[in-house]
Amino acid sequence: MKLKPLSDRVVIAQSEAENKTDGGILLPDSAKEKPQRGKVVAVGPGKMLDDGSWSKLSVKKGDEVYYGKYAGTEVEIGLKKYVIVKESDILAVIE
């Protein structure tokens with residue numbers, strides 16, 4: 001199954017949650033935080049402007065990004081977890 005985002009939506013493959021802290025302490029599954037980083041796997045056509053034209057999105061497939069902690073909608077396809085967010089929910093692109 002493929003996800004095709006609409007309008008200014010972006011599909012992001014979530015990164016795995018950290019297994020241990022910076023100090024080396026292993027974390028159980030219940031203590032892991034929801035990841036806020038991922039890789040863009042699909043982008044919508046953009047946002048429709050008032051004049052009927054489309055504005056391009058500033059992210060593209062393959063970009064690694066940070067997004068808001070409570071942003072978007074989580075979906076699970078097979079064993080992979082994705083989050084669908086608006087472009088405005090993306091905080092930064094990692095270069």
# chains A, B, ... in the order shown; residues from 1 in each chain; ligands from 1
call {"tool": "residues_around", "arguments": {"residues": "Glu76 (chain A)", "least_positions_apart": "4", "cutoff": "12 Å", "atoms": "only C-alpha atoms", "output": "mmCIF file with C-alpha atoms, in the first residue's frame"}}
result
data_model
loop_
_atom_site.group_PDB
_atom_site.id
_atom_site.type_symbol
_atom_site.label_atom_id
_atom_site.label_comp_id
_atom_site.auth_asym_id
_atom_site.auth_seq_id
_atom_site.Cartn_x
_atom_site.Cartn_y
_atom_site.Cartn_z
ATOM 1 C CA MET A 1 0.000 0.000 0.000
ATOM 2 C CA LYS A 2 1.265 3.470 -0.878
ATOM 3 C CA LEU A 3 0.336 6.719 0.812
ATOM 4 C CA VAL A 11 4.317 11.626 4.942
ATOM 5 C CA ILE A 12 7.285 11.011 7.259
ATOM 6 C CA ALA A 13 8.762 7.620 8.198
ATOM 7 C CA GLN A 14 9.379 7.887 11.937
ATOM 8 C CA LYS A 80 6.474 0.595 9.559
ATOM 9 C CA LYS A 81 5.212 3.670 11.403
ATOM 10 C CA TYR A 82 4.492 6.890 9.547
ATOM 11 C CA VAL A 83 3.214 10.293 10.550
ATOM 12 C CA ILE A 84 1.237 12.544 8.183
#
call {"tool": "residues_around", "arguments": {"residues": "Ile90 (chain A)", "least_positions_apart": "6", "cutoff": "7 Å", "atoms": "only C-alpha atoms", "output": "ChimeraX atom specification"}}
result
/A:65-68
call {"tool": "write_last_selection", "arguments": {"atoms": "C-alpha atoms", "output": "short mmCIF file (atom, residue, chain, number, x, y, z; two decimals), in the first residue's frame"}}
result
data_model
loop_
_atom_site.label_atom_id
_atom_site.label_comp_id
_atom_site.auth_asym_id
_atom_site.auth_seq_id
_atom_site.Cartn_x
_atom_site.Cartn_y
_atom_site.Cartn_z
CA VAL A 65 13.30 16.53 9.26
CA TYR A 66 12.24 17.41 12.80
CA TYR A 67 8.52 17.87 13.41
CA GLY A 68 6.37 18.95 16.34
#
call {"tool": "closest_residue", "arguments": {"among": "A:Lys60, A:Lys4, A:Arg9, A:Lys34", "to": "Gly46 (chain A)", "atoms": "only C-alpha atoms"}}
result
A:Arg9
call {"tool": "select_by_dssp", "arguments": {"residues": "chain A", "states": "strand (DSSP E)", "output": "MDAnalysis selection string"}}
result
chainID A and resid 9:14 37:43 47:48 54:55 64:67 73:77 80:86 90:94
call {"tool": "write_last_selection", "arguments": {"atoms": "C-alpha atoms", "output": "mmCIF file, in the first residue's frame"}}
result
data_model
loop_
_atom_site.group_PDB
_atom_site.id
_atom_site.type_symbol
_atom_site.label_atom_id
_atom_site.label_comp_id
_atom_site.auth_asym_id
_atom_site.auth_seq_id
_atom_site.Cartn_x
_atom_site.Cartn_y
_atom_site.Cartn_z
ATOM 1 C CA ARG A 9 0.597 17.260 3.647
ATOM 2 C CA VAL A 10 3.854 15.327 4.057
ATOM 3 C CA VAL A 11 4.317 11.626 4.942
ATOM 4 C CA ILE A 12 7.285 11.011 7.259
ATOM 5 C CA ALA A 13 8.762 7.620 8.198
ATOM 6 C CA GLN A 14 9.379 7.887 11.937
ATOM 7 C CA ARG A 37 12.578 13.035 13.703
ATOM 8 C CA GLY A 38 12.070 11.180 10.467
ATOM 9 C CA LYS A 39 12.608 10.899 6.740
ATOM 10 C CA VAL A 40 10.173 12.353 4.198
ATOM 11 C CA VAL A 41 8.795 9.539 2.030
ATOM 12 C CA ALA A 42 6.072 11.442 0.138
ATOM 13 C CA VAL A 43 4.904 15.029 -0.358
ATOM 14 C CA LYS A 47 -1.017 24.485 -1.128
ATOM 15 C CA MET A 48 -3.599 26.022 -3.424
ATOM 16 C CA TRP A 54 -0.237 25.784 -6.442
ATOM 17 C CA SER A 55 2.687 26.775 -4.227
ATOM 18 C CA GLU A 64 15.465 14.278 7.106
ATOM 19 C CA VAL A 65 13.299 16.535 9.257
ATOM 20 C CA TYR A 66 12.244 17.411 12.801
ATOM 21 C CA TYR A 67 8.521 17.873 13.411
ATOM 22 C CA THR A 73 -1.616 11.722 12.454
ATOM 23 C CA GLU A 74 0.227 8.471 13.082
ATOM 24 C CA VAL A 75 -0.450 5.530 10.772
ATOM 25 C CA GLU A 76 1.012 2.043 10.713
ATOM 26 C CA ILE A 77 1.361 0.087 7.487
ATOM 27 C CA LYS A 80 6.474 0.595 9.559
ATOM 28 C CA LYS A 81 5.212 3.670 11.403
ATOM 29 C CA TYR A 82 4.492 6.890 9.547
ATOM 30 C CA VAL A 83 3.214 10.293 10.550
ATOM 31 C CA ILE A 84 1.237 12.544 8.183
ATOM 32 C CA VAL A 85 1.805 16.233 8.952
ATOM 33 C CA LYS A 86 1.103 19.592 7.367
ATOM 34 C CA ILE A 90 7.791 20.607 10.151
ATOM 35 C CA LEU A 91 10.231 22.545 12.314
ATOM 36 C CA ALA A 92 13.545 22.011 10.516
ATOM 37 C CA VAL A 93 15.341 20.122 7.755
ATOM 38 C CA ILE A 94 18.556 18.373 8.814
#
call {"tool": "residues_around", "arguments": {"residues": "Pro35 (chain A)", "least_positions_apart": "6", "cutoff": "8 Å", "atoms": "only C-alpha atoms", "output": "list of chain:residue names"}}
result
A:Gln14, A:Ser15, A:Glu16, A:Ala17, A:Lys69
call {"tool": "write_last_selection", "arguments": {"atoms": "C-alpha atoms", "output": "PDB file, in the first residue's frame"}}
result
ATOM      1  CA  GLN A  14       9.379   7.887  11.937  1.00  0.00           C
ATOM      2  CA  SER A  15      12.865   7.252  13.268  1.00  0.00           C
ATOM      3  CA  GLU A  16      13.261   4.611  15.943  1.00  0.00           C
ATOM      4  CA  ALA A  17      12.986   5.755  19.558  1.00  0.00           C
ATOM      5  CA  LYS A  69       5.927  16.500  19.211  1.00  0.00           C
TER       6      LYS A  69
END
call {"tool": "atom_distance", "arguments": {"atom1": "CA of Gly44 (chain A)", "atom2": "CA of Ser88 (chain A)"}}
result
13.0 Å
call {"tool": "atom_distance", "arguments": {"atom1": "CA of Glu95 (chain A)", "atom2": "CA of Leu57 (chain A)"}}
result
16.9 Å
call {"tool": "atom_distance", "arguments": {"atom1": "CA of Gly52 (chain A)", "atom2": "CA of Asp8 (chain A)"}}
result
14.4 Å
